[in-house]
>>> print(open('work23.cif').read())   # mmCIF, C-alpha atoms
data_input
loop_
_atom_site.group_PDB
_atom_site.id
_atom_site.type_symbol
_atom_site.label_atom_id
_atom_site.label_comp_id
_atom_site.auth_asym_id
_atom_site.auth_seq_id
_atom_site.Cartn_x
_atom_site.Cartn_y
_atom_site.Cartn_z
ATOM 1 C CA MET G 956 25.860 -14.297 3.435
ATOM 2 C CA GLY G 957 25.868 -14.423 7.208
ATOM 3 C CA ILE G 958 24.238 -11.031 7.705
ATOM 4 C CA ASN G 959 22.144 -10.997 10.852
ATOM 5 C CA ASP G 960 18.716 -9.547 10.018
ATOM 6 C CA VAL G 961 16.590 -11.149 12.722
ATOM 7 C CA ILE G 962 15.158 -7.759 13.750
ATOM 8 C CA LEU G 963 13.897 -7.083 10.219
ATOM 9 C CA LYS G 964 12.335 -10.549 9.947
ATOM 10 C CA THR G 965 10.627 -10.311 13.335
ATOM 11 C CA VAL G 966 9.253 -6.826 12.639
ATOM 12 C CA ALA G 967 8.098 -7.870 9.159
ATOM 13 C CA LYS G 968 6.020 -10.743 10.586
ATOM 14 C CA ALA G 969 3.977 -8.281 12.674
ATOM 15 C CA VAL G 970 3.862 -5.417 10.183
ATOM 16 C CA VAL G 971 2.673 -7.609 7.279
ATOM 17 C CA LEU G 972 -0.396 -8.540 9.348
ATOM 18 C CA ILE G 973 -1.150 -4.851 10.036
ATOM 19 C CA ILE G 974 -0.708 -3.874 6.374
ATOM 20 C CA LEU G 975 -2.952 -6.732 5.167
ATOM 21 C CA THR G 976 -5.667 -5.695 7.639
ATOM 22 C CA PHE G 977 -5.414 -2.066 6.552
ATOM 23 C CA GLY G 978 -5.573 -3.099 2.884
ATOM 24 C CA ILE G 979 -8.757 -5.100 3.433
ATOM 25 C CA TYR G 980 -10.235 -2.150 5.377
ATOM 26 C CA LEU G 981 -9.414 0.222 2.508
ATOM 27 C CA PHE G 982 -10.925 -2.256 0.021
ATOM 28 C CA LEU G 983 -14.199 -2.540 1.938
ATOM 29 C CA SER G 984 -14.555 1.156 2.804
ATOM 30 C CA GLY G 985 -14.136 2.409 -0.729
ATOM 31 C CA HIS G 986 -17.764 3.227 -1.459
ATOM 32 C CA ASN G 987 -18.416 6.383 0.541
ATOM 33 C CA SER G 988 -14.958 7.188 1.899
ATOM 34 C CA PRO G 989 -11.353 7.133 0.589
ATOM 35 C CA GLY G 990 -10.280 3.728 -0.614
ATOM 36 C CA GLY G 991 -11.508 1.211 -3.151
ATOM 37 C CA GLY G 992 -10.254 -1.686 -5.175
ATOM 38 C CA PHE G 993 -7.227 0.028 -6.688
ATOM 39 C CA VAL G 994 -5.914 1.583 -3.466
ATOM 40 C CA GLY G 995 -6.655 -1.544 -1.438
ATOM 41 C CA GLY G 996 -4.854 -3.629 -4.049
ATOM 42 C CA LEU G 997 -1.827 -1.349 -3.895
ATOM 43 C CA VAL G 998 -1.642 -1.598 -0.099
ATOM 44 C CA LEU G 999 -2.028 -5.413 -0.256
ATOM 45 C CA ALA G 1000 0.747 -5.504 -2.872
ATOM 46 C CA SER G 1001 2.997 -3.449 -0.585
ATOM 47 C CA ALA G 1002 2.498 -6.133 2.092
ATOM 48 C CA PHE G 1003 3.694 -8.779 -0.402
ATOM 49 C CA VAL G 1004 6.636 -6.549 -1.366
ATOM 50 C CA LEU G 1005 7.594 -6.262 2.313
ATOM 51 C CA MET G 1006 7.515 -10.075 2.564
ATOM 52 C CA PHE G 1007 9.759 -10.390 -0.507
ATOM 53 C CA LEU G 1008 12.125 -7.756 0.923
ATOM 54 C CA SER G 1009 12.551 -9.226 4.382
ATOM 55 C CA TYR G 1010 12.634 -12.872 3.280
ATOM 56 C CA ASP G 1011 13.677 -14.305 -0.092
ATOM 57 C CA THR G 1012 11.577 -15.368 -3.044
ATOM 58 C CA GLU G 1013 11.974 -19.115 -2.423
ATOM 59 C CA THR G 1014 10.598 -18.904 1.120
ATOM 60 C CA VAL G 1015 7.685 -16.670 0.168
ATOM 61 C CA LYS G 1016 6.755 -18.831 -2.816
ATOM 62 C CA ASP G 1017 6.801 -21.927 -0.611
ATOM 63 C CA ALA G 1018 4.621 -20.198 1.981
ATOM 64 C CA ILE G 1019 2.209 -18.563 -0.491
ATOM 65 C CA PRO G 1020 1.825 -20.852 -3.538
ATOM 66 C CA ILE G 1021 0.159 -18.230 -5.748
ATOM 67 C CA ASP G 1022 1.169 -17.588 -9.346
ATOM 68 C CA PHE G 1023 0.824 -13.811 -9.556
ATOM 69 C CA LYS G 1024 0.499 -13.837 -13.366
ATOM 70 C CA LYS G 1025 -2.536 -16.129 -13.091
ATOM 71 C CA LEU G 1026 -3.847 -13.957 -10.226
ATOM 72 C CA SER G 1027 -3.867 -10.799 -12.357
ATOM 73 C CA ALA G 1028 -5.483 -12.654 -15.268
ATOM 74 C CA PHE G 1029 -8.147 -14.039 -12.920
ATOM 75 C CA GLY G 1030 -8.804 -10.506 -11.632
ATOM 76 C CA VAL G 1031 -9.462 -9.160 -15.127
ATOM 77 C CA LEU G 1032 -11.704 -12.153 -15.853
ATOM 78 C CA LEU G 1033 -13.679 -11.551 -12.640
ATOM 79 C CA ALA G 1034 -14.156 -7.856 -13.454
ATOM 80 C CA VAL G 1035 -15.384 -8.616 -16.992
ATOM 81 C CA LEU G 1036 -17.707 -11.391 -15.782
ATOM 82 C CA SER G 1037 -19.204 -9.067 -13.171
ATOM 83 C CA GLY G 1038 -19.909 -6.673 -16.038
ATOM 84 C CA LEU G 1039 -21.509 -9.449 -18.116
ATOM 85 C CA GLY G 1040 -23.760 -10.555 -15.269
ATOM 86 C CA PRO G 1041 -26.419 -7.797 -15.589
ATOM 87 C CA LEU G 1042 -26.919 -8.700 -19.277
ATOM 88 C CA LEU G 1043 -28.696 -11.874 -18.107
ATOM 89 C CA PHE G 1044 -31.314 -9.728 -16.332
ATOM 90 C CA GLY G 1045 -31.888 -7.429 -19.300
ATOM 91 C CA GLN G 1046 -29.802 -4.531 -17.994
ATOM 92 C CA ASN G 1047 -26.857 -2.699 -19.487
ATOM 93 C CA PHE G 1048 -23.240 -3.853 -19.424
ATOM 94 C CA LEU G 1049 -21.536 -3.075 -16.070
ATOM 95 C CA GLU G 1050 -24.793 -1.897 -14.517
ATOM 96 C CA GLN G 1051 -24.611 -2.188 -10.733
ATOM 97 C CA SER G 1052 -27.315 -2.643 -8.156
ATOM 98 C CA PHE G 1053 -27.477 -2.587 -4.366
ATOM 99 C CA ASP G 1054 -29.884 -3.404 -1.578
ATOM 100 C CA TYR G 1055 -30.061 -3.329 2.197
ATOM 101 C CA PHE G 1056 -29.991 -6.525 4.227
ATOM 102 C CA ASN G 1057 -30.310 -7.303 7.915
ATOM 103 C CA LEU G 1058 -27.175 -9.216 8.849
ATOM 104 C CA PRO G 1059 -26.824 -10.887 12.275
ATOM 105 C CA ILE G 1060 -23.933 -8.847 13.696
ATOM 106 C CA PHE G 1061 -23.669 -5.766 11.486
ATOM 107 C CA GLY G 1062 -27.372 -4.863 11.508
ATOM 108 C CA LYS G 1063 -28.697 -3.061 8.447
ATOM 109 C CA THR G 1064 -25.959 -3.339 5.856
ATOM 110 C CA GLU G 1065 -25.706 -2.139 2.273
ATOM 111 C CA LEU G 1066 -24.523 -4.887 -0.061
ATOM 112 C CA ALA G 1067 -23.637 -3.835 -3.613
ATOM 113 C CA THR G 1068 -22.642 -5.868 -6.657
ATOM 114 C CA VAL G 1069 -19.852 -3.378 -7.361
ATOM 115 C CA LEU G 1070 -17.899 -5.275 -4.691
ATOM 116 C CA ILE G 1071 -17.285 -8.132 -7.170
ATOM 117 C CA PHE G 1072 -15.954 -5.682 -9.760
ATOM 118 C CA GLU G 1073 -13.731 -4.040 -7.127
ATOM 119 C CA ALA G 1074 -12.453 -7.466 -6.055
ATOM 120 C CA GLY G 1075 -11.396 -8.112 -9.646
ATOM 121 C CA ILE G 1076 -9.587 -4.780 -9.775
ATOM 122 C CA ALA G 1077 -7.844 -5.476 -6.449
ATOM 123 C CA LEU G 1078 -6.650 -8.928 -7.578
ATOM 124 C CA THR G 1079 -5.381 -7.454 -10.859
ATOM 125 C CA VAL G 1080 -3.477 -4.673 -9.098
ATOM 126 C CA VAL G 1081 -1.894 -7.099 -6.614
ATOM 127 C CA GLY G 1082 -0.784 -9.461 -9.374
ATOM 128 C CA VAL G 1083 0.575 -6.756 -11.681
ATOM 129 C CA VAL G 1084 2.473 -4.834 -8.982
ATOM 130 C CA VAL G 1085 4.090 -7.941 -7.476
ATOM 131 C CA ASN G 1086 4.988 -9.142 -10.993
ATOM 132 C CA ILE G 1087 6.640 -5.793 -11.815
ATOM 133 C CA ILE G 1088 8.618 -5.746 -8.555
ATOM 134 C CA LEU G 1089 9.791 -9.353 -9.015
ATOM 135 C CA SER G 1090 10.687 -8.768 -12.696
ATOM 136 C CA ILE G 1091 12.814 -5.673 -12.128
ATOM 137 C CA SER G 1092 14.507 -7.111 -9.046
ATOM 138 C CA GLU G 1093 15.875 -10.362 -10.453
ATOM 139 C CA ASP G 1094 19.386 -9.902 -11.785
ATOM 140 C CA GLU G 1095 19.940 -12.952 -13.968
ATOM 141 C CA MET Z 561 -4.827 31.248 18.886
ATOM 142 C CA ILE Z 562 -4.579 27.614 17.877
ATOM 143 C CA TYR Z 563 -4.831 28.526 14.202
ATOM 144 C CA ILE Z 564 -1.774 30.750 14.499
ATOM 145 C CA ILE Z 565 0.147 27.893 16.099
ATOM 146 C CA LEU Z 566 -0.982 25.435 13.409
ATOM 147 C CA THR Z 567 -0.055 27.875 10.635
ATOM 148 C CA ILE Z 568 3.419 28.366 12.112
ATOM 149 C CA ALA Z 569 3.812 24.562 12.420
ATOM 150 C CA LEU Z 570 2.790 24.016 8.791
ATOM 151 C CA SER Z 571 5.253 26.705 7.635
ATOM 152 C CA LEU Z 572 8.035 25.021 9.591
ATOM 153 C CA PHE Z 573 7.151 21.642 8.033
ATOM 154 C CA VAL Z 574 7.359 23.226 4.587
ATOM 155 C CA LEU Z 575 10.747 24.692 5.505
ATOM 156 C CA ALA Z 576 11.981 21.294 6.723
ATOM 157 C CA ILE Z 577 10.780 19.600 3.514
ATOM 158 C CA LEU Z 578 12.584 22.230 1.421
ATOM 159 C CA LEU Z 579 15.801 21.667 3.379
ATOM 160 C CA ALA Z 580 15.508 17.914 2.869
ATOM 161 C CA LEU Z 581 14.837 18.515 -0.838
ATOM 162 C CA TYR Z 582 18.084 20.485 -1.057
ATOM 163 C CA ARG Z 583 19.879 17.515 0.544
ATOM 164 C CA ILE Z 584 18.309 15.147 -2.012
ATOM 165 C CA ILE Z 585 19.399 17.278 -4.968
ATOM 166 C CA ARG Z 586 22.882 18.182 -3.747
ATOM 167 C CA GLY Z 587 23.539 15.135 -1.537
ATOM 168 C CA PRO Z 588 27.084 13.911 -2.053
ATOM 169 C CA SER Z 589 26.343 10.222 -1.472
ATOM 170 C CA MET Z 590 23.439 7.791 -1.770
ATOM 171 C CA PRO Z 591 22.786 7.295 2.005
ATOM 172 C CA ASP Z 592 22.333 11.073 2.386
ATOM 173 C CA ARG Z 593 19.526 10.979 -0.151
ATOM 174 C CA VAL Z 594 17.968 7.927 1.567
ATOM 175 C CA VAL Z 595 17.845 9.648 4.949
ATOM 176 C CA ALA Z 596 16.521 12.854 3.367
ATOM 177 C CA LEU Z 597 13.724 10.902 1.625
ATOM 178 C CA ASP Z 598 12.764 9.288 4.927
ATOM 179 C CA MET Z 599 12.761 12.741 6.543
ATOM 180 C CA ILE Z 600 10.406 14.041 3.850
ATOM 181 C CA GLY Z 601 8.064 11.109 4.548
ATOM 182 C CA VAL Z 602 7.971 11.792 8.291
ATOM 183 C CA ASN Z 603 7.423 15.514 7.695
ATOM 184 C CA LEU Z 604 4.577 14.759 5.276
ATOM 185 C CA ILE Z 605 2.896 12.539 7.873
ATOM 186 C CA SER Z 606 3.176 15.253 10.520
ATOM 187 C CA ALA Z 607 1.969 17.948 8.118
ATOM 188 C CA VAL Z 608 -1.102 15.906 7.171
ATOM 189 C CA ALA Z 609 -1.879 15.363 10.870
ATOM 190 C CA VAL Z 610 -1.603 19.098 11.606
ATOM 191 C CA PHE Z 611 -3.683 19.857 8.533
ATOM 192 C CA SER Z 612 -6.465 17.515 9.635
ATOM 193 C CA VAL Z 613 -6.512 19.278 13.027
ATOM 194 C CA PHE Z 614 -6.642 22.574 11.120
ATOM 195 C CA LEU Z 615 -9.677 21.511 9.080
ATOM 196 C CA LYS Z 616 -11.357 19.630 11.986
ATOM 197 C CA THR Z 617 -11.834 16.510 9.849
ATOM 198 C CA HIS Z 618 -10.736 12.888 10.042
ATOM 199 C CA VAL Z 619 -10.878 11.826 6.403
ATOM 200 C CA PHE Z 620 -7.135 12.380 5.963
ATOM 201 C CA LEU Z 621 -6.120 9.814 8.587
ATOM 202 C CA GLU Z 622 -5.854 7.025 6.000
ATOM 203 C CA VAL Z 623 -3.300 9.158 4.187
ATOM 204 C CA ILE Z 624 -1.106 9.070 7.298
ATOM 205 C CA LEU Z 625 -1.213 5.263 7.381
ATOM 206 C CA VAL Z 626 -0.509 4.883 3.652
ATOM 207 C CA VAL Z 627 2.406 7.338 3.654
ATOM 208 C CA GLY Z 628 3.787 5.678 6.794
ATOM 209 C CA ILE Z 629 3.661 2.220 5.170
ATOM 210 C CA LEU Z 630 5.295 3.480 1.965
ATOM 211 C CA ALA Z 631 8.042 5.343 3.854
ATOM 212 C CA PHE Z 632 8.766 2.225 5.955
ATOM 213 C CA ILE Z 633 9.009 -0.088 2.940
ATOM 214 C CA SER Z 634 11.066 2.335 0.846
ATOM 215 C CA THR Z 635 13.491 2.854 3.726
ATOM 216 C CA ILE Z 636 13.941 -0.928 4.069
ATOM 217 C CA ALA Z 637 14.428 -1.332 0.313
ATOM 218 C CA LEU Z 638 16.998 1.450 0.066
ATOM 219 C CA ALA Z 639 18.846 0.241 3.164
ATOM 220 C CA ARG Z 640 19.081 -3.255 1.652
ATOM 221 C CA PHE Z 641 20.308 -1.735 -1.612
ATOM 222 C CA VAL Z 642 23.033 0.232 0.186
ATOM 223 C CA GLU Z 643 24.070 -2.736 2.339
ATOM 224 C CA ARG Z 644 23.947 -5.670 -0.091
ATOM 225 C CA GLY Z 645 23.424 -4.377 -3.621
ATOM 226 C CA ASP Z 646 20.439 -6.650 -4.352
ATOM 227 C CA ILE Z 647 16.996 -5.826 -3.059
ATOM 228 C CA VAL Z 648 15.128 -9.142 -3.341
ATOM 229 C CA GLU Z 649 17.188 -12.240 -2.675
ATOM 230 C CA HIS Z 650 16.418 -15.232 -4.833
ATOM 231 C CA LYS Z 651 17.462 -17.961 -2.414
ATOM 232 C CA HIS Z 652 18.459 -17.890 1.247
ATOM 233 C CA ASP Z 653 22.154 -18.780 1.758
#
>>> encode(input="work23.cif", output="structure tokens")
Amino acid sequence: MGINDVILKTVAKAVVLIILTFGIYLFLSGHNSPGGGFVGGLVLASAFVLMFLSYDTETVKDAIPIDFKKLSAFGVLLAVLSGLGPLLFGQNFLEQSFDYFNLPIFGKTELATVLIFEAGIALTVVGVVVNIILSISEDE
Amino acid sequence: MIYIILTIALSLFVLAILLALYRIIRGPSMPDRVVALDMIGVNLISAVAVFSVFLKTHVFLEVILVVGILAFISTIALARFVERGDIVEHKHD
């Protein structure tokens, strides 16, 4: 090839870090403000897409040894298991609960079990979006 | 006074987006449409910023970041498509 794209690769190394941080922020802030598992998963997937764009698939798969098909399946499994959990305590399917805890740094913090369900959704969205992008971009 | 200025700015952003939309529809070549799409993204970011000043709120600031990220990635993808023809390389060299 011989096309010099060192500027793109250098910028992508910094921008991927910013996008991943913003995706995790959106994922964690999705209870009372804009965000949530789906939006956070989409932003995280756009970080992976930027990595695949600026580098090639071999390099990214060596650096991040994740099978994205298994990742999306694991996300669905996590979401369903978080729905099955309240059945053990005699509650309804997908019933969520929350409580306030005193954490060392954050102070009084609200911890909710919906975070596990949202984590499953985020993993599913990341896996599905990266799979779609990789499937429609390969030309063989 | 400031609301008049913000209203005029929003009208001008709408005008700029309409002009870029005309370039997307009637653009003779593919790079024209790419640059016009990027221009629509930048104008949307600016319009959302002006709108959040207008409403005195800060809940729209995540929208600016998301639209900025999407405009950046789509510009890179379309530039790679124009330059090389394939968007994601399978193997390096």
>>> interface_residues(input="work23.cif", of="chain G", to="chain Z", cutoff="7 Å", atoms="all atoms listed in the file", output="list in words")
Met956, Leu1005, Phe1007, Leu1008, Asp1011, Thr1012, Glu1013 and Ser1092 of chain G
>>> atom_distance(input="work23.cif", atom1="CA of Pro989 in chain G", atom2="CA of Thr617 in chain Z")
13.2 Å
>>> resolve_selection(input="work23.cif", expression="the PyMOL selection byres ((chain G and resi 1069-1080) around 8)", output="ChimeraX atom specification")
/G:982,991-997,1000,1026-1035,1037-1038,1051-1052,1067-1068,1081-1084
>>> write_last_selection(input="work23.cif", atoms="C-alpha atoms", output="short mmCIF file (atom, residue, chain, number, x, y, z; two decimals), in the coordinates of the input")
data_model
loop_
_atom_site.label_atom_id
_atom_site.label_comp_id
_atom_site.auth_asym_id
_atom_site.auth_seq_id
_atom_site.Cartn_x
_atom_site.Cartn_y
_atom_site.Cartn_z
CA PHE G 982 -10.92 -2.26 0.02
CA GLY G 991 -11.51 1.21 -3.15
CA GLY G 992 -10.25 -1.69 -5.18
CA PHE G 993 -7.23 0.03 -6.69
CA VAL G 994 -5.91 1.58 -3.47
CA GLY G 995 -6.66 -1.54 -1.44
CA GLY G 996 -4.85 -3.63 -4.05
CA LEU G 997 -1.83 -1.35 -3.90
CA ALA G 1000 0.75 -5.50 -2.87
CA LEU G 1026 -3.85 -13.96 -10.23
CA SER G 1027 -3.87 -10.80 -12.36
CA ALA G 1028 -5.48 -12.65 -15.27
CA PHE G 1029 -8.15 -14.04 -12.92
CA GLY G 1030 -8.80 -10.51 -11.63
CA VAL G 1031 -9.46 -9.16 -15.13
CA LEU G 1032 -11.70 -12.15 -15.85
CA LEU G 1033 -13.68 -11.55 -12.64
CA ALA G 1034 -14.16 -7.86 -13.45
CA VAL G 1035 -15.38 -8.62 -16.99
CA SER G 1037 -19.20 -9.07 -13.17
CA GLY G 1038 -19.91 -6.67 -16.04
CA GLN G 1051 -24.61 -2.19 -10.73
CA SER G 1052 -27.32 -2.64 -8.16
CA ALA G 1067 -23.64 -3.84 -3.61
CA THR G 1068 -22.64 -5.87 -6.66
CA VAL G 1081 -1.89 -7.10 -6.61
CA GLY G 1082 -0.78 -9.46 -9.37
CA VAL G 1083 0.57 -6.76 -11.68
CA VAL G 1084 2.47 -4.83 -8.98
#
>>> closest_residue(input="work23.cif", among="Z:Ala607, Z:Val627, Z:Phe641, Z:Ala596", to="Tyr582 in chain Z", atoms="only C-alpha atoms")
Z:Ala596
>>> resolve_selection(input="work23.cif", expression="the PyMOL selection byres ((chain Z and resi 586-594) around 8)", output="PyMOL selection string")
chain Z and resi 582-585+595-598+635+638-639+642
>>> residues_near_point(input="work23.cif", point="(-4.9, 24.8, 6.0)", cutoff="10 Å", atoms="only C-alpha atoms", output="mmCIF file with C-alpha atoms, in the coordinates of the input")
data_model
loop_
_atom_site.group_PDB
_atom_site.id
_atom_site.type_symbol
_atom_site.label_atom_id
_atom_site.label_comp_id
_atom_site.auth_asym_id
_atom_site.auth_seq_id
_atom_site.Cartn_x
_atom_site.Cartn_y
_atom_site.Cartn_z
ATOM 1 C CA TYR Z 563 -4.831 28.526 14.202
ATOM 2 C CA LEU Z 566 -0.982 25.435 13.409
ATOM 3 C CA THR Z 567 -0.055 27.875 10.635
ATOM 4 C CA LEU Z 570 2.790 24.016 8.791
ATOM 5 C CA ALA Z 607 1.969 17.948 8.118
ATOM 6 C CA VAL Z 608 -1.102 15.906 7.171
ATOM 7 C CA VAL Z 610 -1.603 19.098 11.606
ATOM 8 C CA PHE Z 611 -3.683 19.857 8.533
ATOM 9 C CA SER Z 612 -6.465 17.515 9.635
ATOM 10 C CA VAL Z 613 -6.512 19.278 13.027
ATOM 11 C CA PHE Z 614 -6.642 22.574 11.120
ATOM 12 C CA LEU Z 615 -9.677 21.511 9.080
#
>>> atom_distance(input="work23.cif", atom1="CA of Ile973 in chain G", atom2="CA of Ile1019 in chain G")
17.6 Å
>>> atom_distance(input="work23.cif", atom1="CA of Gly1040 in chain G", atom2="CA of Leu1066 in chain G")
16.2 Å
>>> residues_around(input="work23.cif", residues="Thr976 in chain G", least_positions_apart="5", cutoff="9 Å", atoms="all atoms listed in the file", output="JSON list (two decimals) with C-alpha atoms, keeping the file's coordinate frame")
[["chain", "number", "residue", "atom", "x", "y", "z"],
["G", 971, "VAL", "CA", 2.67, -7.61, 7.28],
["G", 981, "LEU", "CA", -9.41, 0.22, 2.51],
["G", 999, "LEU", "CA", -2.03, -5.41, -0.26]]
>>> closest_residue(input="work23.cif", among="Z:Ala609, Z:Leu604, Z:Ala631, Z:Met599", to="Val574 in chain Z", atoms="all atoms listed in the file")
Z:Leu604
>>> closest_residue(input="work23.cif", among="G:Tyr1010, G:Phe1056, G:Ser988, G:Ile974", to="Ile962 in chain G", atoms="all atoms listed in the file")
G:Tyr1010
>>> residues_around(input="work23.cif", residues="Tyr1055 in chain G", least_positions_apart="2", cutoff="9 Å", atoms="only C-alpha atoms", output="MDAnalysis selection string")
chainID G and resid 1053 1057 1063:1067
>>> decode(input="work23.cif", residues="range 1014-1094 of chain G", atoms="C-alpha atoms", output="compact mmCIF listing (two decimals), in the first residue's frame")
# COMPACT_ATOMS: atom_id res chain seq x y z
CA THR G 1014 -3.83 -5.79 14.54
CA VAL G 1015 -6.99 -5.04 16.51
CA LYS G 1016 -7.81 -8.72 16.96
CA ASP G 1017 -4.28 -9.37 18.21
CA ALA G 1018 -4.53 -6.45 20.64
CA ILE G 1019 -8.09 -7.17 21.82
CA PRO G 1020 -8.67 -10.95 21.78
CA ILE G 1021 -12.46 -10.73 22.13
CA ASP G 1022 -14.87 -12.74 20.01
CA PHE G 1023 -17.67 -10.22 19.47
CA LYS G 1024 -20.25 -12.93 18.67
CA LYS G 1025 -19.61 -14.55 22.06
CA LEU G 1026 -19.66 -11.07 23.66
CA SER G 1027 -23.18 -10.32 22.40
CA ALA G 1028 -24.40 -13.77 23.45
CA PHE G 1029 -22.89 -13.27 26.91
CA GLY G 1030 -24.66 -9.89 27.15
CA VAL G 1031 -28.07 -11.42 26.46
CA LEU G 1032 -27.33 -14.19 28.98
CA LEU G 1033 -26.34 -11.63 31.63
CA ALA G 1034 -29.52 -9.60 31.06
CA VAL G 1035 -31.75 -12.69 31.33
CA LEU G 1036 -29.92 -13.95 34.44
CA SER G 1037 -30.31 -10.56 36.10
CA GLY G 1038 -34.04 -10.91 35.42
CA LEU G 1039 -34.09 -14.43 36.89
CA GLY G 1040 -32.30 -13.35 40.06
CA PRO G 1041 -35.30 -11.77 41.86
CA LEU G 1042 -37.27 -15.03 41.45
CA LEU G 1043 -35.01 -16.57 44.11
CA PHE G 1044 -36.23 -13.95 46.62
CA GLY G 1045 -39.91 -14.43 45.81
CA GLN G 1046 -40.26 -11.33 43.63
CA ASN G 1047 -41.42 -10.90 40.06
CA PHE G 1048 -39.32 -11.47 36.95
CA LEU G 1049 -37.05 -8.47 36.17
CA GLU G 1050 -37.99 -6.73 39.42
CA GLN G 1051 -35.26 -4.27 40.41
CA SER G 1052 -34.24 -2.95 43.78
CA PHE G 1053 -31.87 -0.26 45.02
CA ASP G 1054 -30.36 0.97 48.25
CA TYR G 1055 -28.02 3.66 49.50
CA PHE G 1056 -24.53 2.82 50.70
CA ASN G 1057 -21.72 4.83 52.24
CA LEU G 1058 -18.71 4.31 49.99
CA PRO G 1059 -15.24 5.54 51.02
CA ILE G 1060 -14.65 8.16 48.30
CA PHE G 1061 -18.07 8.81 46.76
CA GLY G 1062 -19.97 9.25 50.03
CA LYS G 1063 -23.64 8.31 50.00
CA THR G 1064 -24.17 6.46 46.75
CA GLU G 1065 -27.22 4.82 45.21
CA LEU G 1066 -26.48 1.29 44.01
CA ALA G 1067 -29.18 -0.40 41.92
CA THR G 1068 -29.44 -3.92 40.54
CA VAL G 1069 -30.58 -2.48 37.20
CA LEU G 1070 -26.88 -1.84 36.56
CA ILE G 1071 -26.36 -5.57 35.87
CA PHE G 1072 -29.21 -5.57 33.35
CA GLU G 1073 -27.81 -2.43 31.70
CA ALA G 1074 -24.36 -4.03 31.54
CA GLY G 1075 -25.89 -6.95 29.64
CA ILE G 1076 -27.57 -4.57 27.22
CA ALA G 1077 -24.32 -2.63 26.71
CA LEU G 1078 -22.31 -5.80 25.99
CA THR G 1079 -24.99 -6.98 23.54
CA VAL G 1080 -25.03 -3.66 21.69
CA VAL G 1081 -21.22 -3.55 21.45
CA GLY G 1082 -21.04 -7.10 20.11
CA VAL G 1083 -23.87 -6.71 17.60
CA VAL G 1084 -22.73 -3.34 16.21
CA VAL G 1085 -19.09 -4.40 15.79
CA ASN G 1086 -20.26 -7.67 14.18
CA ILE G 1087 -22.46 -5.77 11.70
CA ILE G 1088 -19.66 -3.33 10.79
CA LEU G 1089 -17.13 -6.15 10.32
CA SER G 1090 -19.60 -8.26 8.29
CA ILE G 1091 -20.55 -5.54 5.82
CA SER G 1092 -16.98 -4.30 5.44
CA GLU G 1093 -15.22 -7.52 4.44
CA ASP G 1094 -15.15 -7.92 0.68
